[in-house]
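Colleague: File follows, work_35.txt with compact mmCIF, C-alpha atoms and all ligand atoms:
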# COMPACT_ATOMS: atom_id res chain seq x y z
CA MET M 1 0.56 24.45 -5.21
CA LEU M 2 -0.14 22.39 -8.30
CA PHE M 3 -0.51 18.61 -8.24
CA ASN M 4 3.10 17.34 -8.25
CA THR M 5 4.39 20.12 -6.00
CA LYS M 6 1.65 19.38 -3.48
CA LEU M 7 2.72 15.74 -3.43
CA LEU M 8 6.28 16.68 -2.51
CA HIS M 9 5.67 19.76 -0.35
CA GLY M 10 2.10 19.49 0.95
CA LYS M 11 0.99 18.98 4.55
CA SER M 12 1.39 15.22 4.29
CA THR M 13 5.17 15.63 3.90
CA GLN M 14 5.62 17.61 7.11
CA GLY M 15 5.74 17.20 10.84
CA PHE M 16 7.43 13.82 11.24
CA GLU M 17 9.01 13.46 14.68
CA SER M 18 12.70 13.54 13.77
CA GLY M 19 12.49 15.33 10.47
CA GLN M 20 12.26 12.15 8.45
CA ILE M 21 11.59 12.97 4.80
CA LEU M 22 9.10 10.10 4.66
CA PRO M 23 6.56 9.00 7.26
CA PRO M 24 8.21 6.44 9.58
CA ILE M 25 6.48 3.05 9.52
CA SER M 26 4.84 2.76 12.94
CA GLN M 27 4.71 -1.02 12.81
CA VAL M 28 3.01 -1.44 16.18
CA SER M 29 -0.32 -2.68 17.46
CA ALA M 30 -0.54 -0.32 20.43
CA PHE M 31 0.89 2.92 21.84
CA ARG M 32 2.24 3.32 25.38
CA TYR M 33 1.48 6.19 27.81
CA GLU M 34 3.23 7.60 30.90
CA SER M 35 0.10 7.61 33.02
CA MET M 36 -3.36 6.15 33.05
CA GLU M 37 -4.71 9.74 33.09
CA ASP M 38 -3.04 10.42 29.74
CA LEU M 39 -4.52 7.35 28.12
CA GLU M 40 -7.93 8.22 29.56
CA LYS M 41 -7.72 11.65 27.89
CA VAL M 42 -6.84 10.04 24.54
CA PHE M 43 -9.84 7.72 24.73
CA ASP M 44 -12.02 10.64 25.75
CA HIS M 45 -10.81 12.65 22.70
CA LYS M 46 -9.51 15.32 25.12
CA LYS M 47 -5.90 14.77 24.07
CA MET M 48 -4.49 14.04 20.62
CA GLY M 49 -2.81 10.69 20.52
CA TYR M 50 -2.85 7.15 19.27
CA ALA M 51 -3.95 4.14 21.29
CA TYR M 52 -4.34 1.14 19.02
CA THR M 53 -3.62 0.78 15.28
CA ARG M 54 -7.12 -0.38 14.32
CA ILE M 55 -8.34 3.00 15.63
CA GLY M 56 -5.51 5.16 14.32
CA ASN M 57 -1.80 5.11 13.48
CA PRO M 58 0.55 7.92 12.38
CA THR M 59 1.68 6.15 9.18
CA LEU M 60 -1.96 5.75 8.17
CA GLY M 61 -2.49 9.37 9.18
CA ALA M 62 0.18 10.61 6.76
CA PHE M 63 -1.34 8.66 3.87
CA GLU M 64 -4.86 9.84 4.76
CA GLN M 65 -3.71 13.46 4.94
CA ARG M 66 -2.07 13.11 1.54
CA ILE M 67 -5.08 11.70 -0.32
CA SER M 68 -7.48 14.07 1.42
CA GLU M 69 -5.28 16.98 0.31
CA LEU M 70 -5.11 15.72 -3.29
CA GLU M 71 -8.89 15.27 -3.48
CA GLY M 72 -9.70 18.57 -1.76
CA GLY M 73 -11.39 16.76 1.14
CA ALA M 74 -11.91 17.55 4.82
CA GLY M 75 -10.56 14.21 6.06
CA ALA M 76 -9.93 10.62 5.09
CA VAL M 77 -9.98 7.12 6.52
CA SER M 78 -7.70 4.42 5.10
CA CYS M 79 -8.84 0.81 4.86
CA SER M 80 -7.45 -2.67 4.38
CA SER M 81 -8.78 -2.82 0.79
CA GLY M 82 -10.96 -0.97 -1.68
CA MET M 83 -13.83 -3.32 -0.81
CA SER M 84 -13.35 -2.56 2.89
CA ALA M 85 -13.56 1.16 2.07
CA ILE M 86 -16.75 0.74 0.04
CA SER M 87 -18.46 -1.45 2.63
CA SER M 88 -17.51 0.82 5.56
CA ALA M 89 -18.60 3.97 3.73
CA ILE M 90 -22.00 2.53 2.78
CA LEU M 91 -22.67 0.96 6.19
CA ALA M 92 -21.95 4.30 7.87
CA ILE M 93 -25.20 5.69 6.41
CA CYS M 94 -27.39 2.78 5.23
CA GLU M 95 -29.64 0.58 7.37
CA SER M 96 -32.14 -2.18 6.77
CA GLY M 97 -35.03 -0.81 4.70
CA ASP M 98 -32.86 1.75 2.86
CA GLU M 99 -32.27 1.97 -0.87
CA ILE M 100 -29.17 2.77 -2.89
CA ILE M 101 -29.18 4.04 -6.49
CA ALA M 102 -26.14 2.85 -8.44
CA GLY M 103 -24.88 3.05 -11.99
CA SER M 104 -24.67 -0.10 -14.09
CA GLY M 105 -21.31 -1.60 -14.98
CA LEU M 106 -19.87 -1.29 -11.46
CA TYR M 107 -16.72 -3.12 -10.39
CA GLY M 108 -17.57 -6.83 -9.94
CA GLY M 109 -16.68 -6.86 -6.23
CA THR M 110 -19.02 -3.93 -5.62
CA ILE M 111 -21.88 -5.68 -7.43
CA GLY M 112 -21.23 -8.71 -5.20
CA LEU M 113 -21.19 -6.55 -2.05
CA LEU M 114 -24.46 -4.80 -2.96
CA HIS M 115 -25.91 -8.26 -3.56
CA ASP M 116 -24.76 -9.30 -0.05
CA PHE M 117 -26.36 -6.13 1.36
CA GLU M 118 -29.75 -7.33 0.04
CA LYS M 119 -29.62 -9.94 2.82
CA LEU M 120 -29.19 -7.12 5.35
CA GLY M 121 -32.27 -5.39 3.95
CA ILE M 122 -30.35 -2.75 1.97
CA HIS M 123 -31.69 -2.75 -1.58
CA THR M 124 -29.94 -1.39 -4.68
CA VAL M 125 -31.62 -0.14 -7.85
CA TYR M 126 -29.45 0.23 -10.94
CA ALA M 127 -29.67 2.96 -13.57
CA ASP M 128 -28.48 2.01 -17.08
CA GLU M 129 -27.11 5.52 -17.43
CA LEU M 130 -26.55 7.52 -14.28
CA ASN M 131 -27.53 11.14 -14.94
CA GLY M 132 -29.72 13.85 -13.43
CA GLY M 133 -32.89 12.51 -15.07
CA SER M 134 -32.41 8.84 -14.15
CA VAL M 135 -31.49 9.70 -10.56
CA ARG M 136 -34.57 11.95 -10.15
CA SER M 137 -36.84 9.22 -11.49
CA LEU M 138 -35.38 6.53 -9.19
CA ILE M 139 -35.28 8.51 -5.93
CA ASN M 140 -38.03 7.61 -3.47
CA GLU M 141 -38.58 8.04 0.27
CA LYS M 142 -36.33 5.04 1.01
CA THR M 143 -33.32 6.30 -0.99
CA ARG M 144 -30.28 7.11 1.16
CA LEU M 145 -27.36 7.09 -1.26
CA VAL M 146 -26.34 7.49 -4.90
CA PHE M 147 -23.24 5.41 -5.64
CA ALA M 148 -21.27 5.88 -8.85
CA GLU M 149 -17.97 4.96 -10.44
CA LEU M 150 -16.56 8.04 -12.14
CA ILE M 151 -15.06 6.01 -15.01
CA SER M 152 -16.42 2.48 -15.19
CA ASN M 153 -14.08 -0.31 -16.18
CA PRO M 154 -13.88 -1.62 -18.84
CA SER M 155 -17.05 -0.04 -20.31
CA LEU M 156 -15.55 3.45 -19.74
CA LYS M 157 -18.84 5.20 -19.04
CA VAL M 158 -18.22 8.57 -17.40
CA VAL M 159 -20.72 9.78 -14.81
CA PRO M 160 -21.72 13.46 -15.13
CA VAL M 161 -20.87 14.21 -11.49
CA ALA M 162 -22.25 17.76 -11.25
CA GLU M 163 -25.74 16.93 -12.55
CA VAL M 164 -26.02 13.64 -10.61
CA ALA M 165 -24.94 15.45 -7.41
CA GLU M 166 -27.49 18.19 -8.02
CA ALA M 167 -30.32 15.67 -8.52
CA ALA M 168 -29.30 13.76 -5.38
CA HIS M 169 -28.89 16.91 -3.27
CA GLU M 170 -32.41 18.12 -4.15
CA ALA M 171 -33.65 15.10 -2.15
CA SER M 172 -31.00 15.44 0.63
CA ILE M 173 -29.19 12.36 -0.70
CA PRO M 174 -25.36 12.27 -0.85
CA LEU M 175 -23.34 11.14 -3.86
CA PHE M 176 -20.45 8.72 -3.20
CA VAL M 177 -18.00 8.31 -6.09
CA ASP M 178 -15.56 5.44 -6.57
CA SER M 179 -12.81 7.27 -8.41
CA THR M 180 -10.27 4.42 -8.52
CA THR M 181 -9.87 4.42 -12.31
CA ALA M 182 -9.66 8.22 -12.55
CA THR M 183 -7.33 9.11 -9.61
CA PRO M 184 -7.16 12.71 -8.32
CA PHE M 185 -4.68 13.48 -11.10
CA ILE M 186 -7.45 13.16 -13.72
CA ALA M 187 -10.48 14.32 -11.73
CA ARG M 188 -11.46 15.52 -8.29
CA PRO M 189 -15.10 14.52 -7.84
CA LEU M 190 -15.50 16.50 -4.58
CA LEU M 191 -14.83 19.70 -6.49
CA LEU M 192 -17.44 18.70 -9.10
CA GLY M 193 -20.14 18.23 -6.44
CA ALA M 194 -19.69 14.70 -5.05
CA ASP M 195 -19.80 14.31 -1.26
CA VAL M 196 -17.51 11.34 -0.60
CA VAL M 197 -14.75 9.86 -2.78
CA ILE M 198 -13.54 6.27 -2.46
CA HIS M 199 -10.45 4.63 -3.93
CA SER M 200 -9.04 1.18 -4.13
CA THR M 201 -5.47 2.33 -3.45
CA SER M 202 -4.31 -1.10 -4.64
CA LYS M 203 -4.46 0.31 -8.19
CA TYR M 204 -3.10 3.65 -9.47
CA LEU M 205 -2.50 5.34 -6.10
CA ASN M 206 -0.04 2.65 -5.04
CA GLY M 207 0.98 2.13 -8.66
CA GLY M 208 3.68 -0.45 -7.95
CA GLY M 209 1.33 -3.35 -7.43
CA ASN M 210 2.76 -4.09 -3.98
CA SER M 211 -0.16 -3.78 -1.55
CA ILE M 212 -3.92 -3.89 -1.23
CA GLY M 213 -5.62 -0.89 0.31
CA GLY M 214 -8.53 1.51 0.19
CA ILE M 215 -9.43 5.01 1.29
CA ILE M 216 -12.57 7.08 1.94
CA VAL M 217 -12.34 10.87 1.58
CA ASP M 218 -15.13 13.04 3.01
CA GLY M 219 -15.73 16.39 1.35
CA GLY M 220 -17.17 17.59 4.68
CA LYS M 221 -19.74 19.87 3.02
CA PHE M 222 -22.91 17.78 2.71
CA LYS M 223 -25.88 19.02 4.73
CA TRP M 224 -27.06 15.81 6.36
CA ASP M 225 -30.77 15.48 7.07
CA PHE M 226 -30.58 13.59 10.38
CA SER M 227 -34.22 12.54 10.20
CA LYS M 228 -33.39 10.75 6.94
CA HIS M 229 -29.91 9.42 7.76
CA THR M 230 -30.89 8.26 11.22
CA SER M 231 -27.62 6.34 11.79
CA LEU M 232 -25.88 9.74 11.85
CA ALA M 233 -28.34 11.29 14.31
CA GLU M 234 -26.04 10.57 17.27
CA TYR M 235 -23.36 12.63 15.51
CA LYS M 236 -25.59 15.62 14.78
CA LYS M 237 -23.38 18.00 16.77
CA TYR M 238 -20.59 17.49 14.23
CA GLY M 239 -22.78 18.98 11.45
CA PRO M 240 -21.28 18.38 8.00
CA MET M 241 -18.52 16.24 9.58
CA ALA M 242 -21.07 13.79 11.07
CA PHE M 243 -20.29 11.17 8.41
CA SER M 244 -16.53 11.32 9.07
CA VAL M 245 -16.95 11.04 12.83
CA ARG M 246 -19.44 8.16 12.61
CA LEU M 247 -17.13 6.42 10.15
CA ARG M 248 -13.92 6.82 12.13
CA THR M 249 -15.13 6.36 15.68
CA ASP M 250 -17.79 3.79 14.97
CA ILE M 251 -18.34 1.71 11.83
CA TRP M 252 -14.77 1.62 10.43
CA GLU M 253 -13.26 1.04 13.84
CA ASN M 254 -15.79 -1.68 14.65
CA LEU M 255 -15.71 -3.48 11.30
CA GLY M 256 -11.96 -3.63 11.83
CA GLY M 257 -10.74 -2.98 8.30
CA CYS M 258 -7.78 -0.69 9.01
CA MET M 259 -4.89 -0.43 6.57
CA ALA M 260 -1.65 -2.10 7.65
CA PRO M 261 1.06 0.49 8.53
CA ALA M 262 3.57 -1.04 6.09
CA ASN M 263 0.96 -0.85 3.31
CA ALA M 264 0.22 2.78 4.19
CA PHE M 265 3.94 3.53 3.76
CA LEU M 266 4.14 1.70 0.42
CA SER M 267 1.00 3.47 -0.79
CA TYR M 268 2.34 6.82 0.40
CA ILE M 269 5.63 6.49 -1.47
CA GLY M 270 3.72 5.16 -4.48
CA THR M 271 1.72 8.38 -4.70
CA ASP M 272 4.94 10.47 -4.82
CA THR M 273 5.03 9.67 -8.55
CA LEU M 274 1.27 9.59 -9.22
CA GLY M 275 1.34 12.65 -11.48
CA LEU M 276 4.30 11.43 -13.54
CA ARG M 277 2.89 7.92 -13.86
CA MET M 278 -0.61 9.02 -14.83
CA GLU M 279 0.72 11.38 -17.48
CA LYS M 280 2.79 8.61 -19.04
CA ILE M 281 0.06 5.97 -18.65
CA CYS M 282 -2.60 8.18 -20.26
CA ASP M 283 -0.24 9.18 -23.08
CA ASN M 284 0.63 5.51 -23.74
CA ALA M 285 -3.03 4.44 -23.62
CA ASP M 286 -4.00 7.19 -26.06
CA LYS M 287 -1.23 6.20 -28.50
CA LEU M 288 -1.94 2.46 -28.20
CA ALA M 289 -5.71 2.97 -28.62
CA HIS M 290 -5.27 5.06 -31.77
CA ALA M 291 -2.75 2.62 -33.25
CA LEU M 292 -4.82 -0.53 -32.60
CA ASN M 293 -8.00 1.16 -33.77
CA LYS M 294 -6.40 1.51 -37.23
CA ILE M 295 -5.99 -2.27 -37.59
CA PRO M 296 -8.80 -3.59 -39.83
CA GLY M 297 -11.45 -5.44 -37.82
CA ILE M 298 -10.29 -4.11 -34.43
CA GLU M 299 -12.52 -1.60 -32.69
CA VAL M 300 -11.02 -0.13 -29.56
CA ASN M 301 -12.99 1.19 -26.59
CA TYR M 302 -11.02 4.16 -25.25
CA LEU M 303 -12.22 7.56 -24.12
CA THR M 304 -10.10 9.78 -26.36
CA LEU M 305 -11.21 8.01 -29.57
CA PRO M 306 -13.71 10.21 -31.44
CA GLN M 307 -16.26 7.38 -31.73
CA HIS M 308 -16.47 6.92 -27.94
CA PRO M 309 -19.94 8.00 -26.67
CA HIS M 310 -18.40 9.76 -23.65
CA HIS M 311 -15.62 11.38 -25.70
CA ASN M 312 -16.75 14.89 -24.72
CA CYS M 313 -16.23 14.12 -20.99
CA VAL M 314 -12.47 13.92 -21.59
CA ASP M 315 -12.26 17.70 -21.76
CA SER M 316 -15.25 18.58 -19.59
CA GLN M 317 -14.46 16.33 -16.59
CA LEU M 318 -11.17 14.49 -17.05
CA GLY M 319 -8.70 17.31 -17.68
CA GLY M 320 -8.06 16.11 -21.25
CA TYR M 321 -6.96 12.61 -20.18
CA GLY M 322 -8.56 9.30 -21.12
CA GLY M 323 -7.19 7.18 -18.26
CA GLY M 324 -5.17 3.99 -18.40
CA ILE M 325 -7.71 1.37 -19.40
CA LEU M 326 -8.75 0.33 -22.88
CA SER M 327 -10.43 -2.72 -24.30
CA PHE M 328 -11.03 -4.24 -27.70
CA ARG M 329 -12.93 -7.19 -29.12
CA ALA M 330 -11.08 -10.00 -30.85
CA GLY M 331 -14.01 -11.71 -32.63
CA SER M 332 -14.00 -14.87 -30.51
CA LYS M 333 -12.89 -16.12 -27.11
CA GLU M 334 -10.30 -18.39 -28.79
CA ARG M 335 -8.72 -15.51 -30.68
CA ALA M 336 -8.78 -13.33 -27.56
CA PHE M 337 -6.84 -16.03 -25.66
CA ALA M 338 -4.41 -16.49 -28.58
CA ILE M 339 -3.71 -12.75 -28.79
CA ILE M 340 -3.21 -12.47 -25.02
CA ASN M 341 -0.87 -15.49 -25.00
CA SER M 342 1.22 -13.98 -27.83
CA LEU M 343 1.97 -10.72 -26.02
CA LYS M 344 5.57 -10.28 -24.88
CA TYR M 345 5.28 -7.20 -22.67
CA ALA M 346 1.87 -7.51 -21.04
CA TYR M 347 1.51 -9.46 -17.83
CA ILE M 348 -1.57 -11.69 -17.69
CA ALA M 349 -2.99 -10.58 -14.33
CA SER M 350 -6.29 -9.58 -12.73
CA ASN M 351 -5.34 -6.07 -11.66
CA ILE M 352 -5.25 -2.54 -13.02
CA GLY M 353 -3.21 0.56 -12.31
CA ASP M 354 0.22 -1.04 -12.24
CA ILE M 355 3.28 0.56 -13.86
CA ARG M 356 3.46 -2.69 -15.88
CA THR M 357 0.97 -3.24 -18.69
CA LEU M 358 -1.55 -5.86 -17.56
CA VAL M 359 -3.95 -7.79 -19.75
CA ILE M 360 -6.90 -10.07 -19.09
CA HIS M 361 -9.91 -11.78 -20.67
CA PRO M 362 -12.58 -10.43 -18.27
CA ALA M 363 -15.50 -12.71 -19.30
CA SER M 364 -13.72 -15.88 -18.14
CA THR M 365 -12.24 -14.34 -14.97
CA LEU M 366 -13.60 -11.14 -13.37
CA TYR M 367 -17.16 -11.75 -14.62
CA VAL M 368 -17.31 -15.53 -14.40
CA GLN M 369 -19.85 -15.25 -11.52
CA ALA M 370 -21.97 -12.52 -13.13
CA SER M 371 -25.03 -13.03 -15.34
CA ARG M 372 -24.86 -12.34 -19.07
CA GLU M 373 -26.85 -9.09 -18.62
CA GLU M 374 -24.55 -7.85 -15.85
CA THR M 375 -21.51 -8.78 -17.93
CA GLU M 376 -22.72 -6.99 -21.06
CA ALA M 377 -23.84 -3.98 -19.00
CA ALA M 378 -20.20 -3.79 -17.90
CA GLY M 379 -19.09 -3.67 -21.54
CA VAL M 380 -17.66 -7.19 -21.39
CA TYR M 381 -18.29 -9.74 -24.17
CA GLU M 382 -16.99 -13.24 -24.87
CA ASP M 383 -14.24 -11.76 -27.06
CA THR M 384 -13.26 -8.68 -24.99
CA ILE M 385 -9.61 -8.12 -24.05
CA ARG M 386 -8.95 -5.56 -21.32
CA VAL M 387 -5.65 -3.73 -21.14
CA SER M 388 -4.39 -1.71 -18.16
CA VAL M 389 -1.66 0.30 -19.84
CA GLY M 390 1.66 0.73 -18.04
CA ILE M 391 4.67 3.02 -18.39
CA GLU M 392 6.71 1.00 -20.91
CA ASP M 393 7.72 2.82 -24.10
CA ALA M 394 4.65 3.35 -26.28
CA GLU M 395 6.45 2.16 -29.43
CA ASP M 396 7.19 -1.23 -27.83
CA LEU M 397 3.60 -1.62 -26.65
CA ILE M 398 2.20 -0.75 -30.08
CA ASP M 399 4.61 -3.19 -31.81
CA ASP M 400 3.78 -5.94 -29.33
CA PHE M 401 -0.02 -5.65 -29.55
CA THR M 402 0.13 -5.24 -33.33
CA GLN M 403 2.21 -8.42 -33.79
CA ALA M 404 -0.06 -10.37 -31.42
CA ILE M 405 -3.18 -9.33 -33.34
CA GLN M 406 -1.66 -9.86 -36.80
CA ASN M 407 -0.07 -13.22 -35.95
CA ASN M 408 -3.45 -14.51 -34.80
CA PRO M 409 -5.82 -13.72 -37.67
CA ILE M 410 -9.52 -14.43 -37.46
CA SER M 411 -9.91 -18.10 -38.41
CA THR M 412 -12.11 -18.56 -41.48
C1 LIG M 501 -10.21 -2.92 -7.51
C2 LIG M 501 -11.38 -2.06 -7.36
C3 LIG M 501 -12.14 -2.10 -6.19
C4 LIG M 501 -11.82 -3.04 -5.04
O1 LIG M 501 -10.61 -2.74 -4.46
P1 LIG M 501 -9.70 -3.83 -3.69
O2 LIG M 501 -8.55 -3.02 -3.24
O3 LIG M 501 -9.36 -4.90 -4.66
O4 LIG M 501 -10.54 -4.35 -2.57
C5 LIG M 501 -13.22 -1.24 -6.09
N1 LIG M 501 -13.57 -0.41 -7.10
C6 LIG M 501 -12.86 -0.36 -8.25
C7 LIG M 501 -13.29 0.57 -9.32
C8 LIG M 501 -11.76 -1.18 -8.42
O5 LIG M 501 -11.07 -1.13 -9.56
Rewrite the coordinates I just gave you, this time as structure tokens.
Ligand SMILES: *Cc1c(COP(=O)(O)O)cnc(C)c1O
Modeller:
Amino acid sequence: MLFNTKLLHGKSTQGFESGQILPPISQVSAFRYESMEDLEKVFDHKKMGYAYTRIGNPTLGAFEQRISELEGGAGAVSCSSGMSAISSAILAICESGDEIIAGSGLYGGTIGLLHDFEKLGIHTVYADELNGGSVRSLINEKTRLVFAELISNPSLKVVPVAEVAEAAHEASIPLFVDSTTATPFIARPLLLGADVVIHSTSKYLNGGGNSIGGIIVDGGKFKWDFSKHTSLAEYKKYGPMAFSVRLRTDIWENLGGCMAPANAFLSYIGTDTLGLRMEKICDNADKLAHALNKIPGIEVNYLTLPQHPHHNCVDSQLGGYGGGILSFRAGSKERAFAIINSLKYAYIASNIGDIRTLVIHPASTLYVQASREETEAAGVYEDTIRVSVGIEDAEDLIDDFTQAIQNNPIST
């Protein structure tokens, strides 16, 4: 089955109790049993069943099955937010004294989280460019994880997944990839060599901008070295699934960041149209980027433009698509604000991945807490405008951005 067919006919669409064509919303905290013996068996993992929504819920299960299937994973765990997914995934394998290698230009919330982890004794070292060479040179005996964003936002650096995975695997270190900006429609990092894929489902997977959520998908193939990843030692008997079992029955359950059943339903129905939306979004972004790039004085950062340093990754890793995010520099903060305020069709909002085009001045919002170095490493300057392109008609978007730029000339 290809992508869109799998969404409508895959395993995640089957097996609902009364033949419902969508997963029923199990909006309950707990599940009731006929006898105490039955509930004992469920807790003992001797009988399949649900007990309490923080530990498992069938609506969450349908969404997890769906994303796992799209990514080519062995199992998934859904979370209350993308940040909850990232923190649970990292805490499942990292302890005080451990080191993480991460790419620069990560999502601001992730930078903040890794900063918080310093206080727990988990240290992060950043590579300017994450590739086989930089990973090999940064790995030491304390390294336990390489963490990357497949397509960083808004710098749009693309991580060469296969070579980074190879370098990490040589030292028995797993590669976790935050693939939020790519989505499984554009790339499937597990098939390129990554070990775990994480999404903020609040963005493209949901697509409608109606609920916060996150998900962790385990490829289930990594050969864990239990003397290195000692927090998984207890789960040794599960072999390559040790991470999934530790995550689900331990850290995720205990941190308490489960997805709400209603949000799992909204995210599930959102993904029904993921393929259609991503095709339209990428096509619109490509057209808008090329059109704006022709305006004198405007240089657009978008992956399919020939001047982009990671242009060649579009075909080699991203299936020919450039994604839905582009940015350009206006010359000054004042002009950036004026252009943004003159747009008719773009919502001013701090989100990405919506069907509506969203626009923001990242330096004064998303990066207001970050240092100048961190901000510039993320490809954000005082005059940067970030656009998350939606599914409006491309001609309208091009007209709107062109008028906003031309009606607000650089002041002399
Ligand atoms: C939004 C985002 C997150 C955080 O997700 P939330 O759902 O907002 O918690 C993490 N990584 C990336 C790349 C994101 O865009």
Colleague: Residues within 9 Å of ligand LIG 501 (chain M) should be enumerated using all atoms listed in the file and returned as a ChimeraX atom specification.
Modeller: /M:79-86,106-110,149-153,178-181,198-203,211-214,351-353
Colleague: Just the selected residues (C-alpha atoms), exported as a PDB file, keeping the file's coordinate frame, please.
Modeller:
ATOM      1  CA  CYS M  79      -8.840   0.810   4.860  1.00  0.00           C
ATOM      2  CA  SER M  80      -7.450  -2.670   4.380  1.00  0.00           C
ATOM      3  CA  SER M  81      -8.780  -2.820   0.790  1.00  0.00           C
ATOM      4  CA  GLY M  82     -10.960  -0.970  -1.680  1.00  0.00           C
ATOM      5  CA  MET M  83     -13.830  -3.320  -0.810  1.00  0.00           C
ATOM      6  CA  SER M  84     -13.350  -2.560   2.890  1.00  0.00           C
ATOM      7  CA  ALA M  85     -13.560   1.160   2.070  1.00  0.00           C
ATOM      8  CA  ILE M  86     -16.750   0.740   0.040  1.00  0.00           C
ATOM      9  CA  LEU M 106     -19.870  -1.290 -11.460  1.00  0.00           C
ATOM     10  CA  TYR M 107     -16.720  -3.120 -10.390  1.00  0.00           C
ATOM     11  CA  GLY M 108     -17.570  -6.830  -9.940  1.00  0.00           C
ATOM     12  CA  GLY M 109     -16.680  -6.860  -6.230  1.00  0.00           C
ATOM     13  CA  THR M 110     -19.020  -3.930  -5.620  1.00  0.00           C
ATOM     14  CA  GLU M 149     -17.970   4.960 -10.440  1.00  0.00           C
ATOM     15  CA  LEU M 150     -16.560   8.040 -12.140  1.00  0.00           C
ATOM     16  CA  ILE M 151     -15.060   6.010 -15.010  1.00  0.00           C
ATOM     17  CA  SER M 152     -16.420   2.480 -15.190  1.00  0.00           C
ATOM     18  CA  ASN M 153     -14.080  -0.310 -16.180  1.00  0.00           C
ATOM     19  CA  ASP M 178     -15.560   5.440  -6.570  1.00  0.00           C
ATOM     20  CA  SER M 179     -12.810   7.270  -8.410  1.00  0.00           C
ATOM     21  CA  THR M 180     -10.270   4.420  -8.520  1.00  0.00           C
ATOM     22  CA  THR M 181      -9.870   4.420 -12.310  1.00  0.00           C
ATOM     23  CA  ILE M 198     -13.540   6.270  -2.460  1.00  0.00           C
ATOM     24  CA  HIS M 199     -10.450   4.630  -3.930  1.00  0.00           C
ATOM     25  CA  SER M 200      -9.040   1.180  -4.130  1.00  0.00           C
ATOM     26  CA  THR M 201      -5.470   2.330  -3.450  1.00  0.00           C
ATOM     27  CA  SER M 202      -4.310  -1.100  -4.640  1.00  0.00           C
ATOM     28  CA  LYS M 203      -4.460   0.310  -8.190  1.00  0.00           C
ATOM     29  CA  SER M 211      -0.160  -3.780  -1.550  1.00  0.00           C
ATOM     30  CA  ILE M 212      -3.920  -3.890  -1.230  1.00  0.00           C
ATOM     31  CA  GLY M 213      -5.620  -0.890   0.310  1.00  0.00           C
ATOM     32  CA  GLY M 214      -8.530   1.510   0.190  1.00  0.00           C
ATOM     33  CA  ASN M 351      -5.340  -6.070 -11.660  1.00  0.00           C
ATOM     34  CA  ILE M 352      -5.250  -2.540 -13.020  1.00  0.00           C
ATOM     35  CA  GLY M 353      -3.210   0.560 -12.310  1.00  0.00           C
TER      36      GLY M 353
END
Colleague: So that I can see what lies close to stretch 159-173 of chain M, please list as a ChimeraX atom specification the residues with an atom at most 7 Å from it, counting only C-alpha atoms and leaving out residues fewer than 6 positions away in the same chain.
Modeller: /M:130-132,135-136,144-146,150-151,189,192-194,224-225
Colleague: Please identify every residue of stretch 334-383 of chain M that has at least one atom no farther than 10 Å from an atom of stretch 271-284 of chain M, counting all atoms listed in the file, and for each give the shortest atom pair and the distance in Å to one decimal, arranged by chain then increasing number, as CSV.
Modeller:
residue,atom,partner,partner_atom,distance
M:Gly353,CA,M:Ile281,CA,9.0
M:Asp354,CA,M:Arg277,CA,9.5
M:Ile355,CA,M:Arg277,CA,7.4
M:Arg356,CA,M:Ile281,CA,9.7
M:Thr357,CA,M:Ile281,CA,9.3
Colleague: Considering all atoms listed in the file, can you say which of M:Pro261, M:Gly112, M:Gly324, M:Gly270 comes closest to M:Ile391?
Modeller: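 Between M:Pro261, M:Gly112, M:Gly324, M:Gly270, the residue approaching M:Ile391 most closely is M:Gly324.
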Colleague: For a quick check of understanding, using only C-alpha atoms, which of M:Ile93, M:Val196, M:Leu326, M:Ile100 has the smallest distance to M:Tyr235?
Modeller: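 Among M:Ile93, M:Val196, M:Leu326, M:Ile100, it is M:Ile93 that comes nearest to M:Tyr235.
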